[in-house]
$ cat input_0.cif   # mmCIF, C-alpha atoms
data_coords
#
loop_
_atom_site.group_PDB
_atom_site.id
_atom_site.type_symbol
_atom_site.label_atom_id
_atom_site.label_comp_id
_atom_site.auth_asym_id
_atom_site.auth_seq_id
_atom_site.Cartn_x
_atom_site.Cartn_y
_atom_site.Cartn_z
ATOM 1 C CA MET A 1 48.283 16.560 -6.126
ATOM 2 C CA ALA A 2 47.893 19.572 -8.412
ATOM 3 C CA GLN A 3 51.093 18.485 -10.141
ATOM 4 C CA LEU A 4 49.788 14.924 -10.534
ATOM 5 C CA MET A 5 46.429 16.056 -11.908
ATOM 6 C CA ARG A 6 48.092 18.396 -14.394
ATOM 7 C CA LEU A 7 50.290 15.578 -15.635
ATOM 8 C CA MET A 8 47.300 13.255 -15.988
ATOM 9 C CA ALA A 9 45.504 15.876 -18.074
ATOM 10 C CA GLU A 10 48.537 16.486 -20.264
ATOM 11 C CA ARG A 11 49.945 13.000 -20.712
ATOM 12 C CA LEU A 12 47.434 10.247 -19.977
ATOM 13 C CA GLN A 13 46.462 8.370 -23.134
ATOM 14 C CA PRO A 14 44.217 5.303 -23.728
ATOM 15 C CA ASP A 15 47.159 3.154 -24.774
ATOM 16 C CA SER A 16 46.815 0.175 -22.398
ATOM 17 C CA GLY A 17 44.092 -1.996 -20.934
ATOM 18 C CA LEU A 18 44.058 0.062 -17.733
ATOM 19 C CA THR A 19 44.058 3.500 -19.326
ATOM 20 C CA ARG A 20 41.355 2.432 -21.775
ATOM 21 C CA ALA A 21 39.281 1.314 -18.764
ATOM 22 C CA ILE A 22 39.844 4.746 -17.219
ATOM 23 C CA PHE A 23 38.737 6.555 -20.367
ATOM 24 C CA ASP A 24 35.723 4.223 -20.666
ATOM 25 C CA LEU A 25 34.340 4.913 -17.187
ATOM 26 C CA PRO A 26 30.697 5.967 -17.680
ATOM 27 C CA GLY A 27 29.411 9.480 -17.175
ATOM 28 C CA ALA A 28 31.112 12.841 -16.996
ATOM 29 C CA LEU A 29 34.610 12.992 -15.521
ATOM 30 C CA GLY A 30 34.034 15.815 -13.019
ATOM 31 C CA PRO A 31 33.156 15.910 -9.315
ATOM 32 C CA GLU A 32 29.404 16.055 -9.915
ATOM 33 C CA ALA A 33 29.564 12.705 -11.733
ATOM 34 C CA SER A 34 32.244 10.005 -11.886
ATOM 35 C CA SER A 35 35.108 12.017 -10.332
ATOM 36 C CA VAL A 36 37.587 10.035 -12.423
ATOM 37 C CA PRO A 37 40.640 12.156 -11.467
ATOM 38 C CA LEU A 38 39.918 11.547 -7.781
ATOM 39 C CA ARG A 39 39.588 7.808 -8.368
ATOM 40 C CA ILE A 40 42.993 7.694 -10.040
ATOM 41 C CA ALA A 41 44.589 9.821 -7.332
ATOM 42 C CA GLY A 42 43.032 7.661 -4.616
ATOM 43 C CA ALA A 43 44.262 4.441 -6.207
ATOM 44 C CA LEU A 44 47.811 5.757 -6.508
ATOM 45 C CA HIS A 45 47.835 7.082 -2.935
ATOM 46 C CA ALA A 46 46.578 3.707 -1.697
ATOM 47 C CA LEU A 47 49.558 2.073 -3.389
ATOM 48 C CA LYS A 48 51.862 4.607 -1.766
ATOM 49 C CA LEU A 49 50.345 3.896 1.666
ATOM 50 C CA LEU A 50 50.928 0.186 1.035
ATOM 51 C CA ASN A 51 54.528 0.948 0.035
ATOM 52 C CA ARG A 52 53.965 -0.583 -3.376
ATOM 53 C CA ALA A 53 54.888 0.433 -6.915
ATOM 54 C CA GLU A 54 57.893 2.506 -5.752
ATOM 55 C CA LEU A 55 55.794 5.644 -5.361
ATOM 56 C CA VAL A 56 57.206 6.663 -1.969
ATOM 57 C CA PRO A 57 60.286 8.416 -3.451
ATOM 58 C CA VAL A 58 58.130 10.705 -5.639
ATOM 59 C CA TYR A 59 55.307 11.345 -3.137
ATOM 60 C CA PRO A 60 55.213 13.862 -0.266
ATOM 61 C CA PRO A 61 57.077 14.604 1.866
ATOM 62 C CA ASN A 62 59.503 13.979 -0.999
ATOM 63 C CA GLN A 63 59.501 16.228 -4.048
ATOM 64 C CA SER A 64 59.777 15.216 -7.665
ATOM 65 C CA ASP A 65 59.951 16.901 -11.040
ATOM 66 C CA ASP A 66 57.310 16.233 -13.675
ATOM 67 C CA ASP A 67 59.262 13.619 -15.626
ATOM 68 C CA ALA A 68 60.213 11.572 -12.554
ATOM 69 C CA LEU A 69 56.661 11.632 -11.180
ATOM 70 C CA CYS A 70 55.160 10.735 -14.540
ATOM 71 C CA ALA A 71 57.639 7.881 -15.006
ATOM 72 C CA ALA A 72 56.833 6.461 -11.559
ATOM 73 C CA VAL A 73 53.094 6.650 -12.190
ATOM 74 C CA SER A 74 53.522 5.006 -15.602
ATOM 75 C CA ARG A 75 55.396 2.127 -13.972
ATOM 76 C CA ALA A 76 52.647 1.814 -11.368
ATOM 77 C CA PHE A 77 50.022 1.668 -14.104
ATOM 78 C CA LYS A 78 51.862 -1.319 -15.588
ATOM 79 C CA SER A 79 52.838 -3.214 -12.428
ATOM 80 C CA GLU A 80 49.622 -2.547 -10.470
ATOM 81 C CA ALA A 81 47.050 -2.408 -13.267
ATOM 82 C CA THR A 82 44.788 -4.986 -11.632
ATOM 83 C CA PHE A 83 44.787 -3.147 -8.283
ATOM 84 C CA ILE A 84 44.145 0.272 -9.855
ATOM 85 C CA GLU A 85 41.362 -0.948 -12.151
ATOM 86 C CA ALA A 86 39.570 -2.599 -9.214
ATOM 87 C CA PHE A 87 40.011 0.491 -7.004
ATOM 88 C CA ILE A 88 38.547 2.951 -9.514
ATOM 89 C CA GLN A 89 35.353 0.942 -9.977
ATOM 90 C CA ASN A 90 34.049 2.443 -6.711
ATOM 91 C CA ALA A 91 33.186 6.105 -6.316
ATOM 92 C CA PRO A 92 35.442 8.256 -4.112
ATOM 93 C CA GLN A 93 34.450 8.113 -0.476
ATOM 94 C CA THR A 94 35.706 10.281 2.341
ATOM 95 C CA ASN A 95 34.736 10.849 5.942
ATOM 96 C CA GLU A 96 36.118 14.343 6.566
ATOM 97 C CA VAL A 97 36.361 14.722 10.347
ATOM 98 C CA ARG A 98 36.558 18.537 10.260
ATOM 99 C CA ARG A 99 32.934 18.634 9.110
ATOM 100 C CA ALA A 100 32.110 17.692 12.705
ATOM 101 C CA ALA A 101 32.602 21.392 13.509
ATOM 102 C CA CYS A 102 29.193 21.972 11.905
ATOM 103 C CA MET A 103 27.535 19.361 14.119
ATOM 104 C CA ILE A 104 29.217 20.547 17.319
ATOM 105 C CA ALA A 105 28.184 24.169 16.720
ATOM 106 C CA ALA A 106 24.640 23.262 15.628
ATOM 107 C CA ALA A 107 24.121 20.774 18.477
ATOM 108 C CA SER A 108 25.366 23.315 21.022
ATOM 109 C CA TRP A 109 22.947 25.871 19.581
ATOM 110 C CA LEU A 110 20.102 23.350 19.658
ATOM 111 C CA GLN A 111 20.785 22.394 23.274
ATOM 112 C CA GLN A 112 20.155 25.999 24.241
ATOM 113 C CA HIS A 113 16.662 25.692 22.743
ATOM 114 C CA HIS A 114 15.952 22.162 23.970
ATOM 115 C CA ALA A 115 17.913 20.991 26.998
ATOM 116 C CA LEU A 116 17.231 17.328 26.256
ATOM 117 C CA PRO A 117 19.378 14.281 25.557
ATOM 118 C CA MET A 118 19.992 13.733 21.856
ATOM 119 C CA VAL A 119 19.577 10.887 19.411
ATOM 120 C CA VAL A 120 21.679 11.506 16.299
ATOM 121 C CA SER A 121 21.167 9.955 12.857
ATOM 122 C CA GLU A 122 23.505 10.595 9.927
ATOM 123 C CA LEU A 123 22.488 10.076 6.308
ATOM 124 C CA GLY A 124 25.381 9.276 3.979
ATOM 125 C CA ALA A 125 27.553 8.501 6.997
ATOM 126 C CA SER A 126 30.394 6.701 5.174
ATOM 127 C CA ALA A 127 32.340 5.043 8.037
ATOM 128 C CA GLY A 128 30.472 6.896 10.779
ATOM 129 C CA LEU A 129 33.427 8.908 12.081
ATOM 130 C CA ASN A 130 31.374 12.087 12.470
ATOM 131 C CA LEU A 131 28.730 10.257 14.478
ATOM 132 C CA MET A 132 31.316 10.595 17.263
ATOM 133 C CA PHE A 133 31.252 14.404 17.124
ATOM 134 C CA ASP A 134 30.467 14.722 20.831
ATOM 135 C CA HIS A 135 33.905 13.208 21.520
ATOM 136 C CA PHE A 136 35.537 16.121 19.668
ATOM 137 C CA ALA A 137 35.924 19.764 20.639
ATOM 138 C CA LEU A 138 35.523 22.938 18.618
ATOM 139 C CA GLU A 139 37.852 25.742 19.673
ATOM 140 C CA VAL A 140 36.971 29.318 18.736
ATOM 141 C CA GLY A 141 39.311 31.838 20.339
ATOM 142 C CA GLU A 142 38.894 31.449 24.092
ATOM 143 C CA THR A 143 35.698 29.411 23.727
ATOM 144 C CA LYS A 144 35.671 25.632 23.514
ATOM 145 C CA LEU A 145 32.532 23.693 22.599
ATOM 146 C CA GLY A 146 31.992 19.957 22.772
ATOM 147 C CA ALA A 147 33.835 17.379 24.833
ATOM 148 C CA GLU A 148 35.736 18.551 27.900
ATOM 149 C CA SER A 149 38.462 15.924 27.305
ATOM 150 C CA PRO A 150 38.319 15.614 23.526
ATOM 151 C CA ALA A 151 39.946 12.953 21.406
ATOM 152 C CA LEU A 152 40.770 15.769 18.990
ATOM 153 C CA THR A 153 40.153 19.515 18.776
ATOM 154 C CA LEU A 154 38.988 21.312 15.638
ATOM 155 C CA THR A 155 40.162 24.875 15.067
ATOM 156 C CA PRO A 156 38.522 26.283 11.922
ATOM 157 C CA ASP A 157 38.915 29.901 10.925
ATOM 158 C CA TRP A 158 35.826 31.404 12.522
ATOM 159 C CA LYS A 159 33.740 34.394 11.544
ATOM 160 C CA GLY A 160 30.596 35.530 13.308
ATOM 161 C CA LEU A 161 29.009 34.738 16.625
ATOM 162 C CA VAL A 162 30.069 31.836 18.840
ATOM 163 C CA PRO A 163 27.406 29.516 20.307
ATOM 164 C CA ASN A 164 27.355 29.277 24.084
ATOM 165 C CA PHE A 165 28.820 26.125 25.566
ATOM 166 C CA ALA A 166 26.261 23.376 26.141
ATOM 167 C CA GLU A 167 26.981 19.870 27.313
ATOM 168 C CA LEU A 168 26.131 17.440 24.526
ATOM 169 C CA LYS A 169 24.230 14.436 25.860
ATOM 170 C CA ILE A 170 23.944 11.828 23.101
ATOM 171 C CA THR A 171 22.101 8.675 24.123
ATOM 172 C CA LYS A 172 21.971 6.939 20.733
ATOM 173 C CA ARG A 173 23.882 7.318 17.480
ATOM 174 C CA GLN A 174 23.067 5.632 14.185
ATOM 175 C CA GLY A 175 23.939 6.106 10.534
ATOM 176 C CA VAL A 176 23.266 4.829 7.050
ATOM 177 C CA ASP A 177 25.146 4.777 3.763
ATOM 178 C CA ILE A 178 24.463 3.095 0.450
ATOM 179 C CA ASN A 179 28.057 1.802 0.567
ATOM 180 C CA PRO A 180 29.297 2.080 4.155
ATOM 181 C CA LEU A 181 32.919 1.586 5.069
ATOM 182 C CA SER A 182 34.037 -0.249 8.182
ATOM 183 C CA ALA A 183 37.008 1.648 9.556
ATOM 184 C CA ARG A 184 38.084 -1.489 11.418
ATOM 185 C CA ASP A 185 38.424 -3.390 8.140
ATOM 186 C CA PRO A 186 41.938 -2.938 6.668
ATOM 187 C CA GLU A 187 40.710 -2.526 3.080
ATOM 188 C CA ASP A 188 38.017 -0.017 4.008
ATOM 189 C CA ARG A 189 40.417 1.901 6.251
ATOM 190 C CA LEU A 190 42.876 2.075 3.360
ATOM 191 C CA ARG A 191 40.151 3.508 1.104
ATOM 192 C CA LEU A 192 39.311 6.184 3.695
ATOM 193 C CA LEU A 193 42.951 7.220 4.048
ATOM 194 C CA ALA A 194 43.687 7.018 0.314
ATOM 195 C CA TYR A 195 41.359 9.952 -0.381
ATOM 196 C CA LEU A 196 43.194 12.161 2.127
ATOM 197 C CA TRP A 197 46.051 13.479 0.051
ATOM 198 C CA PRO A 198 49.652 12.628 0.965
ATOM 199 C CA ASP A 199 50.641 16.258 1.540
ATOM 200 C CA GLN A 200 47.839 16.636 4.137
ATOM 201 C CA ALA A 201 49.391 14.974 7.165
ATOM 202 C CA GLU A 202 47.019 16.667 9.615
ATOM 203 C CA ARG A 203 43.955 15.224 7.879
ATOM 204 C CA LEU A 204 45.487 11.765 7.977
ATOM 205 C CA SER A 205 46.262 12.153 11.690
ATOM 206 C CA ARG A 206 42.750 13.383 12.531
ATOM 207 C CA THR A 207 41.137 10.533 10.661
ATOM 208 C CA ASN A 208 43.305 7.908 12.337
ATOM 209 C CA THR A 209 42.425 9.394 15.746
ATOM 210 C CA ALA A 210 38.703 9.332 14.941
ATOM 211 C CA ILE A 211 38.974 5.719 13.801
ATOM 212 C CA GLU A 212 40.543 4.712 17.100
ATOM 213 C CA ILE A 213 37.568 5.963 19.163
ATOM 214 C CA LEU A 214 34.825 4.811 16.794
ATOM 215 C CA ASP A 215 32.229 2.687 18.590
ATOM 216 C CA CYS A 216 29.284 2.512 16.183
ATOM 217 C CA GLU A 217 28.473 0.802 12.901
ATOM 218 C CA VAL A 218 26.808 2.247 9.809
ATOM 219 C CA ASP A 219 23.881 0.410 8.223
ATOM 220 C CA GLN A 220 23.879 -0.310 4.497
ATOM 221 C CA SER A 221 20.716 0.962 2.845
ATOM 222 C CA ASP A 222 19.114 3.694 0.803
ATOM 223 C CA ALA A 223 18.692 6.688 3.113
ATOM 224 C CA ALA A 224 14.934 7.020 2.601
ATOM 225 C CA GLU A 225 14.309 3.315 2.989
ATOM 226 C CA TRP A 226 16.321 3.363 6.218
ATOM 227 C CA LEU A 227 14.357 6.337 7.562
ATOM 228 C CA SER A 228 11.098 4.556 6.786
ATOM 229 C CA GLU A 229 12.130 1.707 9.093
ATOM 230 C CA LYS A 230 13.333 3.880 12.003
ATOM 231 C CA ALA A 231 11.580 5.717 14.800
ATOM 232 C CA LEU A 232 11.964 9.418 14.064
ATOM 233 C CA ILE A 233 10.356 10.718 17.250
ATOM 234 C CA TYR A 234 11.896 9.825 20.627
ATOM 235 C CA ARG A 235 10.037 10.691 23.820
ATOM 236 C CA GLY A 236 12.246 12.676 26.159
ATOM 237 C CA ALA A 237 14.937 13.275 23.541
ATOM 238 C CA LEU A 238 15.739 15.592 20.649
ATOM 239 C CA HIS A 239 16.311 13.645 17.438
ATOM 240 C CA LEU A 240 18.933 15.290 15.211
ATOM 241 C CA ILE A 241 19.018 14.000 11.638
ATOM 242 C CA TYR A 242 21.874 15.388 9.562
ATOM 243 C CA HIS A 243 23.954 14.985 6.425
ATOM 244 C CA THR A 244 27.124 16.700 5.190
ATOM 245 C CA VAL A 245 27.911 16.954 1.466
ATOM 246 C CA ALA A 246 25.888 13.802 0.827
ATOM 247 C CA TRP A 247 22.393 14.888 -0.201
ATOM 248 C CA GLN A 248 23.487 15.854 -3.724
ATOM 249 C CA TYR A 249 24.536 12.259 -4.356
ATOM 250 C CA PHE A 250 21.160 10.775 -3.359
ATOM 251 C CA PRO A 251 18.799 9.889 -6.230
ATOM 252 C CA GLU A 252 15.975 12.376 -6.645
ATOM 253 C CA ALA A 253 13.447 9.760 -5.545
ATOM 254 C CA THR A 254 15.425 9.216 -2.333
ATOM 255 C CA GLN A 255 15.567 12.964 -1.685
ATOM 256 C CA GLN A 256 11.819 13.358 -2.174
ATOM 257 C CA ARG A 257 10.884 10.384 -0.005
ATOM 258 C CA ALA A 258 13.328 11.306 2.782
ATOM 259 C CA THR A 259 11.978 14.862 2.825
ATOM 260 C CA GLN A 260 8.423 13.583 3.088
ATOM 261 C CA LEU A 261 9.282 11.116 5.862
ATOM 262 C CA ILE A 262 11.079 13.716 7.963
ATOM 263 C CA SER A 263 8.409 16.371 7.391
ATOM 264 C CA THR A 264 5.624 13.958 8.324
ATOM 265 C CA ALA A 265 7.462 12.902 11.470
ATOM 266 C CA GLY A 266 7.979 16.563 12.331
ATOM 267 C CA GLU A 267 4.205 17.018 12.518
ATOM 268 C CA GLN A 268 4.229 14.595 15.475
ATOM 269 C CA ALA A 269 7.022 16.421 17.321
ATOM 270 C CA LYS A 270 6.339 18.099 20.656
ATOM 271 C CA ASP A 271 8.388 20.109 23.126
ATOM 272 C CA ASP A 272 9.420 16.936 24.950
ATOM 273 C CA CYS A 273 10.304 15.120 21.706
ATOM 274 C CA PRO A 274 11.525 17.692 19.147
ATOM 275 C CA LEU A 275 12.934 16.836 15.740
ATOM 276 C CA ALA A 276 15.776 18.680 13.994
ATOM 277 C CA TRP A 277 17.067 18.275 10.436
ATOM 278 C CA LEU A 278 20.529 19.727 9.841
ATOM 279 C CA SER A 279 21.910 20.063 6.321
ATOM 280 C CA MET A 280 25.452 21.003 5.327
ATOM 281 C CA GLU A 281 25.273 20.996 1.543
ATOM 282 C CA TRP A 282 26.467 22.866 -1.531
ATOM 283 C CA ASP A 283 23.940 25.340 -2.939
ATOM 284 C CA GLY A 284 26.025 26.857 -5.730
ATOM 285 C CA ASP A 285 27.713 29.485 -3.560
ATOM 286 C CA GLU A 286 31.092 29.385 -1.828
ATOM 287 C CA GLY A 287 31.413 26.442 0.528
ATOM 288 C CA ALA A 288 28.324 24.739 1.927
ATOM 289 C CA ALA A 289 25.149 26.203 3.393
ATOM 290 C CA MET A 290 24.266 25.141 6.936
ATOM 291 C CA THR A 291 20.498 25.015 7.247
ATOM 292 C CA LEU A 292 18.178 23.662 9.922
ATOM 293 C CA ARG A 293 14.520 22.710 10.191
ATOM 294 C CA LEU A 294 13.187 22.361 13.720
ATOM 295 C CA TRP A 295 9.907 20.907 14.941
ATOM 296 C CA PRO A 296 7.438 21.424 16.583
ATOM 297 C CA GLY A 297 6.483 24.340 14.402
ATOM 298 C CA ASP A 298 8.609 23.545 11.324
ATOM 299 C CA HIS A 299 10.888 26.521 11.854
ATOM 300 C CA HIS A 300 13.524 27.124 9.175
ATOM 301 C CA PHE A 301 16.936 28.533 10.106
ATOM 302 C CA SER A 302 20.041 29.512 8.189
ATOM 303 C CA LEU A 303 23.083 28.889 10.381
ATOM 304 C CA GLY A 304 25.658 30.337 7.987
ATOM 305 C CA ARG A 305 28.260 28.790 5.722
ATOM 306 C CA ILE A 306 31.157 26.377 6.081
ATOM 307 C CA ASP A 307 34.065 25.221 3.970
ATOM 308 C CA PHE A 308 33.454 21.740 2.525
ATOM 309 C CA HIS A 309 36.338 20.388 4.622
ATOM 310 C CA GLY A 310 35.550 22.483 7.685
ATOM 311 C CA ARG A 311 38.563 24.777 7.324
ATOM 312 C CA TRP A 312 36.433 27.885 7.962
ATOM 313 C CA ILE A 313 32.986 28.705 9.310
ATOM 314 C CA ASP A 314 30.886 31.835 8.910
ATOM 315 C CA TRP A 315 28.395 31.289 11.750
ATOM 316 C CA ASN A 316 25.320 33.497 11.512
ATOM 317 C CA PRO A 317 22.164 31.741 12.801
ATOM 318 C CA ARG A 318 18.912 33.439 11.821
ATOM 319 C CA LYS A 319 15.352 32.315 11.401
ATOM 320 C CA ILE A 320 14.167 32.472 7.802
ATOM 321 C CA SER A 321 10.612 31.161 8.176
#
$ encode --input "input_0.cif" --output "structure tokens"
Amino acid sequence: MAQLMRLMAERLQPDSGLTRAIFDLPGALGPEASSVPLRIAGALHALKLLNRAELVPVYPPNQSDDDALCAAVSRAFKSEATFIEAFIQNAPQTNEVRRAACMIAAASWLQQHHALPMVVSELGASAGLNLMFDHFALEVGETKLGAESPALTLTPDWKGLVPNFAELKITKRQGVDINPLSARDPEDRLRLLAYLWPDQAERLSRTNTAIEILDCEVDQSDAAEWLSEKALIYRGALHLIYHTVAWQYFPEATQQRATQLISTAGEQAKDDCPLAWLSMEWDGDEGAAMTLRLWPGDHHFSLGRIDFHGRWIDWNPRKIS
């Protein structure tokens, strides 16, 4: 993928209807805006997964020199222009399963504070794969957290303390996304897999496994509007609201309203109906910060840091206010 991106930067020119459409996409090109390189890469990988445009010979596990790869991509741009132009109109969307390591660790830690069943709500849930995190396991050395018979086991590089094992008892799971994907729909499943790069076979395998056990749907709505229509306090249960590398993409008005809704609900929380808000988001430092607000009491915790794709975790829970 680094080779492909370098070639796009060096050789792509607005010399056809498709490439002019690429250059005319609104906003900045980078990951904080339109993410145009990712859109192109996703469209080409989708074609490869469909065995179209003769990309298989130049894509992993095969190797190709620059000229052969560039020639194959140029042919794809001509023969599949309609497909590529339609694909790149939508923003990149992933549902990285390894981020579930954050939820497993945080939920295990929470269960030690509140031994209650959980309701889980994910904001920016994409296809909802990580709403199934209690079906996964997190392995840290000799310690395993999460499901006893997991559909898949996550093994990030781990630094810091290890939460004690706690049985995760989830009674309800729900999620929202402004543009949710249905992993059971062939086109949506293709879009999910297209943004997992062809030289990352393990990511593709994990995602396919998570899709097979998925048993919930994601609602389509603005996150704040959705929260305004949901119960946020559940008697006899801990409600865990969370988001992973999604908050930054919410409009500022959505962020402000969601914060107010959750904070107001937190004021109604009690020991038998606590509320937790888990955030795994970029804050300008390496990886993502894992932070937690917990009611009653509106306690603020820093749980440490995690790689955006869950490849490593620096787990260091501490109360900050």
$ residues_around --input "input_0.cif" --residues "A:Phe250" --least-positions-apart "3" --cutoff "9 Å" --atoms "all atoms listed in the file" --output "VMD selection string"
chain A and resid 124 222 to 223 246 to 247 253 to 255
$ residues_around --input "input_0.cif" --residues "A:Gln93" --least-positions-apart "3" --cutoff "8 Å" --atoms "all atoms listed in the file" --output "PDB file with C-alpha atoms, in the coordinates of the input"
ATOM      1  CA  SER A 126      30.394   6.701   5.174  1.00  0.00           C
ATOM      2  CA  ARG A 191      40.151   3.508   1.104  1.00  0.00           C
ATOM      3  CA  LEU A 192      39.311   6.184   3.695  1.00  0.00           C
ATOM      4  CA  TYR A 195      41.359   9.952  -0.381  1.00  0.00           C
TER       5      TYR A 195
END
$ atom_distance --input "input_0.cif" --atom1 "atom CA of A:Ala183" --atom2 "atom CA of A:Ser121"
18.2 Å
$ closest_residue --input "input_0.cif" --among "A:Ile241, A:His299, A:Leu4, A:Pro92" --to "A:Ala194" --atoms "all atoms listed in the file"
A:Pro92
$ resolve_selection --input "input_0.cif" --expression "the PyMOL selection byres ((chain A and resi 172-180) around 9)" --output "ChimeraX atom specification"
/A:118-128,131-132,170-171,181-182,188,216-223,226
$ write_last_selection --input "input_0.cif" --atoms "C-alpha atoms" --output "PDB file, keeping the file's coordinate frame"
ATOM      1  CA  MET A 118      19.992  13.733  21.856  1.00  0.00           C
ATOM      2  CA  VAL A 119      19.577  10.887  19.411  1.00  0.00           C
ATOM      3  CA  VAL A 120      21.679  11.506  16.299  1.00  0.00           C
ATOM      4  CA  SER A 121      21.167   9.955  12.857  1.00  0.00           C
ATOM      5  CA  GLU A 122      23.505  10.595   9.927  1.00  0.00           C
ATOM      6  CA  LEU A 123      22.488  10.076   6.308  1.00  0.00           C
ATOM      7  CA  GLY A 124      25.381   9.276   3.979  1.00  0.00           C
ATOM      8  CA  ALA A 125      27.553   8.501   6.997  1.00  0.00           C
ATOM      9  CA  SER A 126      30.394   6.701   5.174  1.00  0.00           C
ATOM     10  CA  ALA A 127      32.340   5.043   8.037  1.00  0.00           C
ATOM     11  CA  GLY A 128      30.472   6.896  10.779  1.00  0.00           C
ATOM     12  CA  LEU A 131      28.730  10.257  14.478  1.00  0.00           C
ATOM     13  CA  MET A 132      31.316  10.595  17.263  1.00  0.00           C
ATOM     14  CA  ILE A 170      23.944  11.828  23.101  1.00  0.00           C
ATOM     15  CA  THR A 171      22.101   8.675  24.123  1.00  0.00           C
ATOM     16  CA  LEU A 181      32.919   1.586   5.069  1.00  0.00           C
ATOM     17  CA  SER A 182      34.037  -0.249   8.182  1.00  0.00           C
ATOM     18  CA  ASP A 188      38.017  -0.017   4.008  1.00  0.00           C
ATOM     19  CA  CYS A 216      29.284   2.512  16.183  1.00  0.00           C
ATOM     20  CA  GLU A 217      28.473   0.802  12.901  1.00  0.00           C
ATOM     21  CA  VAL A 218      26.808   2.247   9.809  1.00  0.00           C
ATOM     22  CA  ASP A 219      23.881   0.410   8.223  1.00  0.00           C
ATOM     23  CA  GLN A 220      23.879  -0.310   4.497  1.00  0.00           C
ATOM     24  CA  SER A 221      20.716   0.962   2.845  1.00  0.00           C
ATOM     25  CA  ASP A 222      19.114   3.694   0.803  1.00  0.00           C
ATOM     26  CA  ALA A 223      18.692   6.688   3.113  1.00  0.00           C
ATOM     27  CA  TRP A 226      16.321   3.363   6.218  1.00  0.00           C
TER      28      TRP A 226
END
$ axis_aligned_box --input "input_0.cif" --around "stretch 274-290 of chain A" --padding-each-side "4 Å" --output "JSON"
{"center_x": 21.5, "center_y": 23.2, "center_z": 6.7, "size_x": 27.9, "size_y": 20.6, "size_z": 32.9}
$ atom_distance --input "input_0.cif" --atom1 "atom CA of A:Lys319" --atom2 "atom CA of A:Ala105"
16.1 Å
$ atom_distance --input "input_0.cif" --atom1 "atom CA of A:Lys48" --atom2 "atom CA of A:Ser35"
20.2 Å
$ residues_around --input "input_0.cif" --residues "stretch 7-14 of chain A" --least-positions-apart "4" --cutoff "12 Å" --atoms "all atoms listed in the file" --output "PyMOL selection string"
chain A and resi 1-3+18-25+29+36-38+40-41+65-74+77
